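Reproduced below: final32.cif, with mmCIF, C-alpha atoms.
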```cif
data_structure
loop_
_atom_site.label_atom_id
_atom_site.label_comp_id
_atom_site.auth_asym_id
_atom_site.auth_seq_id
_atom_site.Cartn_x
_atom_site.Cartn_y
_atom_site.Cartn_z
CA MET A 1 0.00 0.00 0.00
CA PRO A 2 1.64 3.29 -1.06
CA VAL A 3 2.18 6.21 1.31
CA SER A 4 -0.73 8.68 1.33
CA ASP A 5 -1.56 12.00 3.00
CA GLN A 6 -3.07 10.20 5.99
CA ASP A 7 0.29 8.53 6.73
CA ILE A 8 2.14 11.86 7.00
CA LEU A 9 2.60 13.04 10.59
CA PHE A 10 4.76 16.11 9.89
CA GLU A 11 6.20 17.80 6.83
CA ASP A 12 8.01 21.03 6.00
CA ASN A 13 10.69 22.00 3.47
CA HIS A 14 13.35 20.10 5.40
CA LEU A 15 11.79 17.04 7.04
CA ILE A 16 8.98 14.54 6.59
CA ALA A 17 7.70 12.09 9.22
CA VAL A 18 5.57 9.05 8.41
CA ASN A 19 3.47 6.74 10.56
CA LYS A 20 5.07 3.46 9.46
CA ARG A 21 2.87 0.41 9.16
CA ALA A 22 4.05 -2.82 10.75
CA GLY A 23 5.39 -5.01 7.97
CA ASP A 24 6.96 -2.20 5.94
CA ILE A 25 10.72 -2.23 5.49
CA VAL A 26 12.49 1.14 5.76
CA GLN A 27 15.23 0.48 3.20
CA VAL A 28 15.73 -2.09 0.48
CA ASP A 29 16.63 -5.62 1.57
CA ASP A 30 16.82 -9.02 -0.10
CA THR A 31 13.03 -9.58 0.00
CA GLY A 32 12.47 -7.44 -3.07
CA ASP A 33 9.58 -5.63 -1.34
CA GLU A 34 9.28 -1.91 -2.02
CA PRO A 35 10.86 -0.08 0.93
CA LEU A 36 9.27 2.83 2.75
CA ASP A 37 11.93 5.33 1.67
CA GLU A 38 11.08 4.64 -1.99
CA GLN A 39 7.37 5.05 -1.25
CA VAL A 40 8.02 8.41 0.41
CA LYS A 41 10.19 9.56 -2.52
CA LYS A 42 7.33 8.77 -4.90
CA TYR A 43 4.87 10.59 -2.61
CA ILE A 44 7.03 13.75 -2.60
CA ALA A 45 7.72 13.61 -6.33
CA LYS A 46 4.01 13.33 -7.12
CA LYS A 47 2.88 15.94 -4.59
CA TYR A 48 5.38 18.56 -5.74
CA ASN A 49 5.50 17.56 -9.42
CA LYS A 50 9.16 16.52 -9.49
CA PRO A 51 9.55 14.47 -12.69
CA ASN A 52 13.21 13.72 -11.92
CA GLY A 53 12.39 12.33 -8.47
CA ALA A 54 12.96 13.63 -4.96
CA PHE A 55 15.86 13.56 -2.51
CA LEU A 56 15.21 11.62 0.69
CA GLY A 57 17.69 10.85 3.44
CA VAL A 58 17.19 7.96 5.88
CA VAL A 59 18.26 9.00 9.38
CA HIS A 60 17.01 6.09 11.50
CA ARG A 61 15.16 2.81 11.12
CA LEU A 62 12.40 0.76 12.67
CA ASP A 63 12.35 -3.03 12.57
CA ARG A 64 9.99 -4.46 9.95
CA PRO A 65 7.34 -5.73 12.46
CA VAL A 66 7.34 -2.39 14.36
CA SER A 67 4.96 0.50 13.65
CA GLY A 68 5.11 4.20 14.41
CA VAL A 69 6.83 7.48 13.66
CA ILE A 70 9.87 7.50 11.42
CA LEU A 71 11.64 10.66 10.27
CA PHE A 72 13.29 11.35 6.90
CA ALA A 73 15.29 14.33 5.64
CA LYS A 74 14.20 16.11 2.46
CA THR A 75 17.51 17.92 1.91
CA SER A 76 21.16 16.99 2.35
CA LYS A 77 21.56 19.89 4.79
CA ALA A 78 18.75 18.58 6.98
CA LEU A 79 20.10 15.02 6.72
CA ASP A 80 23.48 16.07 8.07
CA ARG A 81 21.96 18.02 10.93
CA VAL A 82 19.42 15.37 11.93
CA ASN A 83 22.16 12.71 11.88
CA ARG A 84 23.99 14.90 14.37
CA LEU A 85 20.90 15.08 16.62
CA PHE A 86 20.73 11.28 16.74
CA LYS A 87 24.48 10.92 17.28
CA ASN A 88 24.42 13.43 20.15
CA ARG A 89 21.30 11.81 21.66
CA GLU A 90 19.32 15.03 21.26
CA MET A 91 16.40 13.14 19.70
CA LYS A 92 13.97 11.98 22.39
CA LYS A 93 12.20 8.78 21.33
CA THR A 94 9.23 7.23 23.12
CA TYR A 95 7.85 3.77 22.37
CA TRP A 96 4.84 1.82 23.56
CA ALA A 97 5.10 -1.93 24.02
CA VAL A 98 2.44 -4.44 25.03
CA VAL A 99 3.50 -7.49 27.04
CA ARG A 100 1.63 -10.35 28.69
CA LYS A 101 3.71 -10.61 31.82
CA ARG A 102 4.01 -7.50 33.96
CA PRO A 103 7.61 -6.71 34.96
CA THR A 104 8.38 -7.23 38.66
CA GLN A 105 9.31 -3.55 38.97
CA SER A 106 6.77 -1.08 37.59
CA GLU A 107 9.51 1.20 36.33
CA GLY A 108 13.26 1.19 36.06
CA LYS A 109 16.38 1.55 33.96
CA LEU A 110 17.87 -1.35 32.01
CA VAL A 111 21.55 -1.51 31.09
CA HIS A 112 22.92 -4.35 28.97
CA TRP A 113 25.68 -5.09 26.50
CA LEU A 114 24.28 -6.30 23.20
CA VAL A 115 25.83 -8.48 20.52
CA LYS A 116 24.02 -8.90 17.20
CA ASN A 117 24.34 -12.03 15.10
CA PRO A 118 23.87 -10.69 11.55
CA GLN A 119 23.47 -14.17 10.03
CA LYS A 120 20.51 -15.00 12.26
CA ASN A 121 19.38 -11.36 12.64
CA VAL A 122 19.08 -11.77 16.39
CA THR A 123 20.60 -9.81 19.29
CA LYS A 124 21.78 -11.26 22.58
CA ALA A 125 21.88 -9.28 25.83
CA TYR A 126 24.59 -9.64 28.47
CA ASP A 127 24.66 -8.08 31.92
CA HIS A 128 28.38 -7.32 31.52
CA GLU A 129 30.64 -6.16 28.71
CA VAL A 130 31.79 -8.87 26.32
CA LYS A 131 33.89 -8.78 23.17
CA GLY A 132 32.15 -6.96 20.35
CA SER A 133 29.27 -5.76 22.53
CA LEU A 134 27.59 -2.34 22.57
CA ARG A 135 26.22 -0.76 25.72
CA ALA A 136 22.42 -0.34 25.63
CA GLU A 137 20.31 1.71 28.04
CA LEU A 138 16.62 2.42 28.32
CA ASN A 139 14.09 3.63 30.86
CA TYR A 140 10.70 1.92 31.10
CA LYS A 141 7.46 2.46 32.99
CA VAL A 142 4.24 0.46 33.19
CA ILE A 143 1.46 2.89 32.23
CA GLY A 144 -1.59 0.63 32.06
CA GLU A 145 -3.15 -2.84 32.19
CA LEU A 146 -6.04 -4.10 30.12
CA ASN A 147 -7.60 -7.54 29.64
CA GLY A 148 -4.53 -9.34 30.94
CA TYR A 149 -2.11 -7.27 28.89
CA CYS A 150 0.38 -4.73 30.21
CA LEU A 151 1.28 -1.47 28.44
CA ILE A 152 4.85 -0.24 28.90
CA GLU A 153 6.26 3.13 27.89
CA VAL A 154 9.91 2.92 26.88
CA ASP A 155 12.41 5.76 26.49
CA PRO A 156 15.56 4.38 24.87
CA ILE A 157 18.74 6.27 25.69
CA THR A 158 20.79 4.42 23.09
CA GLY A 159 19.66 3.13 19.71
CA ARG A 160 20.89 -0.43 19.23
CA PRO A 161 19.50 -3.08 16.88
CA HIS A 162 16.48 -4.85 18.46
CA GLN A 163 17.32 -3.09 21.74
CA ILE A 164 13.84 -2.67 23.22
CA ARG A 165 12.79 -6.14 22.13
CA VAL A 166 15.72 -7.98 23.69
CA GLN A 167 15.96 -5.81 26.81
CA LEU A 168 12.28 -6.28 27.72
CA SER A 169 12.72 -10.00 27.19
CA THR A 170 15.41 -9.98 29.91
CA LEU A 171 12.62 -9.02 32.34
CA ASP A 172 10.76 -12.17 31.24
CA SER A 173 8.31 -9.76 29.59
CA PRO A 174 8.67 -10.36 25.84
CA ILE A 175 6.63 -8.15 23.54
CA VAL A 176 3.36 -9.66 22.33
CA GLY A 177 3.91 -11.40 18.98
CA ASP A 178 7.71 -11.29 19.21
CA ASN A 179 8.55 -14.98 19.11
CA LYS A 180 12.14 -14.11 18.15
CA TYR A 181 12.62 -12.84 21.71
CA GLY A 182 10.58 -15.22 23.78
CA TYR A 183 6.89 -14.65 23.13
CA PRO A 184 5.33 -18.12 22.69
CA ARG A 185 3.84 -17.45 19.26
CA GLY A 186 4.25 -15.03 16.40
CA SER A 187 1.59 -12.78 14.92
CA LEU A 188 -0.27 -13.82 11.78
CA LYS A 189 -0.04 -10.14 10.78
CA LYS A 190 3.78 -10.31 10.82
CA SER A 191 3.79 -7.57 13.45
CA ILE A 192 4.76 -7.21 17.08
CA CYS A 193 3.16 -4.92 19.66
CA LEU A 194 5.89 -2.29 19.61
CA HIS A 195 5.00 1.20 18.39
CA ALA A 196 7.21 4.27 18.03
CA ARG A 197 4.84 6.67 19.74
CA ARG A 198 6.63 10.01 19.75
CA LEU A 199 9.70 11.95 18.56
CA GLN A 200 10.72 15.19 20.25
CA PHE A 201 13.61 17.39 19.13
CA ILE A 202 14.70 20.89 18.23
CA HIS A 203 14.25 21.49 14.51
CA PRO A 204 17.76 21.44 13.01
CA VAL A 205 17.11 24.39 10.69
CA LYS A 206 14.32 26.44 12.30
CA GLN A 207 15.51 25.83 15.88
CA GLU A 208 11.93 25.31 17.04
CA PRO A 209 10.72 22.50 19.35
CA ILE A 210 9.06 19.70 17.37
CA ASN A 211 6.81 17.04 18.90
CA ILE A 212 5.67 14.36 16.45
CA PHE A 213 3.03 11.94 17.73
CA ALA A 214 2.01 8.71 15.97
CA PRO A 215 -1.55 7.39 16.44
CA LEU A 216 -1.77 3.70 17.27
CA PRO A 217 -2.45 1.18 14.47
CA LYS A 218 -6.10 0.46 13.76
CA ASP A 219 -5.87 -3.31 13.84
CA GLY A 220 -8.56 -4.31 16.33
CA PHE A 221 -6.06 -4.65 19.20
CA TRP A 222 -3.96 -1.51 19.58
CA GLU A 223 -6.99 0.81 19.67
CA LYS A 224 -7.94 -0.59 23.06
CA PHE A 225 -4.92 1.20 24.55
CA GLU A 226 -5.66 4.68 23.19
CA SER A 227 -7.37 5.60 26.48
CA PHE A 228 -3.99 5.60 28.22
CA GLY A 229 -3.07 8.76 26.28
CA GLY A 230 0.49 10.10 26.29
#
```
Write-out of the structure in structure tokens:
Amino acid sequence: MPVSDQDILFEDNHLIAVNKRAGDIVQVDDTGDEPLDEQVKKYIAKKYNKPNGAFLGVVHRLDRPVSGVILFAKTSKALDRVNRLFKNREMKKTYWAVVRKRPTQSEGKLVHWLVKNPQKNVTKAYDHEVKGSLRAELNYKVIGELNGYCLIEVDPITGRPHQIRVQLSTLDSPIVGDNKYGYPRGSLKKSICLHARRLQFIHPVKQEPINIFAPLPKDGFWEKFESFGG
């Protein structure tokens, strides 16, 4: 399904933010599926009548089964500056995750050292530094419970591959549908209950505060958690 106006969460001359659907890939991979960045390029080219195509810079990624806000740069100047915001950890990211088992502590900070196996596309968490590992930190807080499910708000401090997924699994609270990290079964929709809820930052060109908020997927499950706000 191509990107449409209803998928756009924010746009100006420098940046465009999209509410990614679970199942979309951000950049081209070996599946041959059309990636989200190509869809957004086509959207911009059509909207602004650019027969030679549009520039689009990828500044961060979301795993294929994850939904929510993802930001792209529309100019090389913006790309450079937004990359700097991510590198300097000046981009505040907030995620929502649904789990079945409530963590023992209602809130806390998790620190692990992660090693990714690129062949298996899986990340392992250690509670101490090991060879080739990257330090990963996040803060989490339980913000609601509904029908036996638990809603967790996660603020990652670092941005490591599969970080939230593997770190929550260390609490014995794997994300619903994420059988790669311990949930007993996968989702038939090829999605997991992890949603990039919000991005907050200072605009790299205009120097204004930006708060981009992604509505939850309308899939018959996520909507039940809208009442928790935030």
Residues of segment 43-131 of chain A that approach segment 173-184 of chain A to 10 Å or less, counting all atoms listed in the file: could you list each one with the shortest pair of atoms and its distance in Å to one decimal, rows by chain and increasing residue number, as a Markdown table?
```
| residue | atom | partner | partner_atom | distance |
| --- | --- | --- | --- | --- |
| A:Pro65 | CA | A:Asp178 | CA | 8.8 |
| A:Ala97 | CA | A:Ile175 | CA | 6.4 |
| A:Val98 | CA | A:Ile175 | CA | 5.8 |
| A:Val99 | CA | A:Ile175 | CA | 4.7 |
| A:Arg100 | CA | A:Val176 | CA | 6.6 |
| A:Lys101 | CA | A:Ser173 | CA | 5.2 |
| A:Arg102 | CA | A:Ser173 | CA | 6.5 |
| A:Pro103 | CA | A:Ser173 | CA | 6.2 |
| A:Thr104 | CA | A:Ser173 | CA | 9.4 |
| A:Asn121 | CA | A:Lys180 | CA | 9.5 |
| A:Val122 | CA | A:Lys180 | CA | 7.5 |
| A:Thr123 | CA | A:Tyr181 | CA | 8.9 |
| A:Lys124 | CA | A:Tyr181 | CA | 9.3 |
```
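Among the candidate residues A:Ala196, A:Ala78, A:Leu9, A:Ala136, the one lying nearest to Leu168 of chain A is A:Ala136, with distances computed using all atoms listed in the file.
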All residues 8 Å or closer to Val18 of chain A, only C-alpha atoms, same chain fewer than 2 positions away omitted, as a PyMOL selection string
chain A and resi 7-10+16+20+68-71
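Ranking A:Leu85, A:Met91, A:Ala125, A:Ala214 by their shortest atom-to-atom distance to Pro156 of chain A, with all atoms listed in the file included, puts A:Met91 first.
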Residues picked by the PyMOL selection byres ((chain A and resi 56) around 6) here, as a ChimeraX atom specification?
/A:55,57,73-74
Expected file contents, prior selection, C-alpha atoms, as an mmCIF file, keeping the file's coordinate frame:
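Final file, out.cif:
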```cif
data_model
loop_
_atom_site.group_PDB
_atom_site.id
_atom_site.type_symbol
_atom_site.label_atom_id
_atom_site.label_comp_id
_atom_site.auth_asym_id
_atom_site.auth_seq_id
_atom_site.Cartn_x
_atom_site.Cartn_y
_atom_site.Cartn_z
ATOM 1 C CA PHE A 55 15.860 13.560 -2.510
ATOM 2 C CA GLY A 57 17.690 10.850 3.440
ATOM 3 C CA ALA A 73 15.290 14.330 5.640
ATOM 4 C CA LYS A 74 14.200 16.110 2.460
#
```
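Selection result for the displayed file, with the PyMOL selection byres ((chain A and resi 53) around 12) as criterion, is Glu38, Gln39, Val40, Lys41, Lys42, Tyr43, Ile44, Ala45, Lys46, Lys47, Tyr48, Asn49, Lys50, Pro51, Asn52, Ala54, Phe55, Leu56 and Lys74 of chain A.
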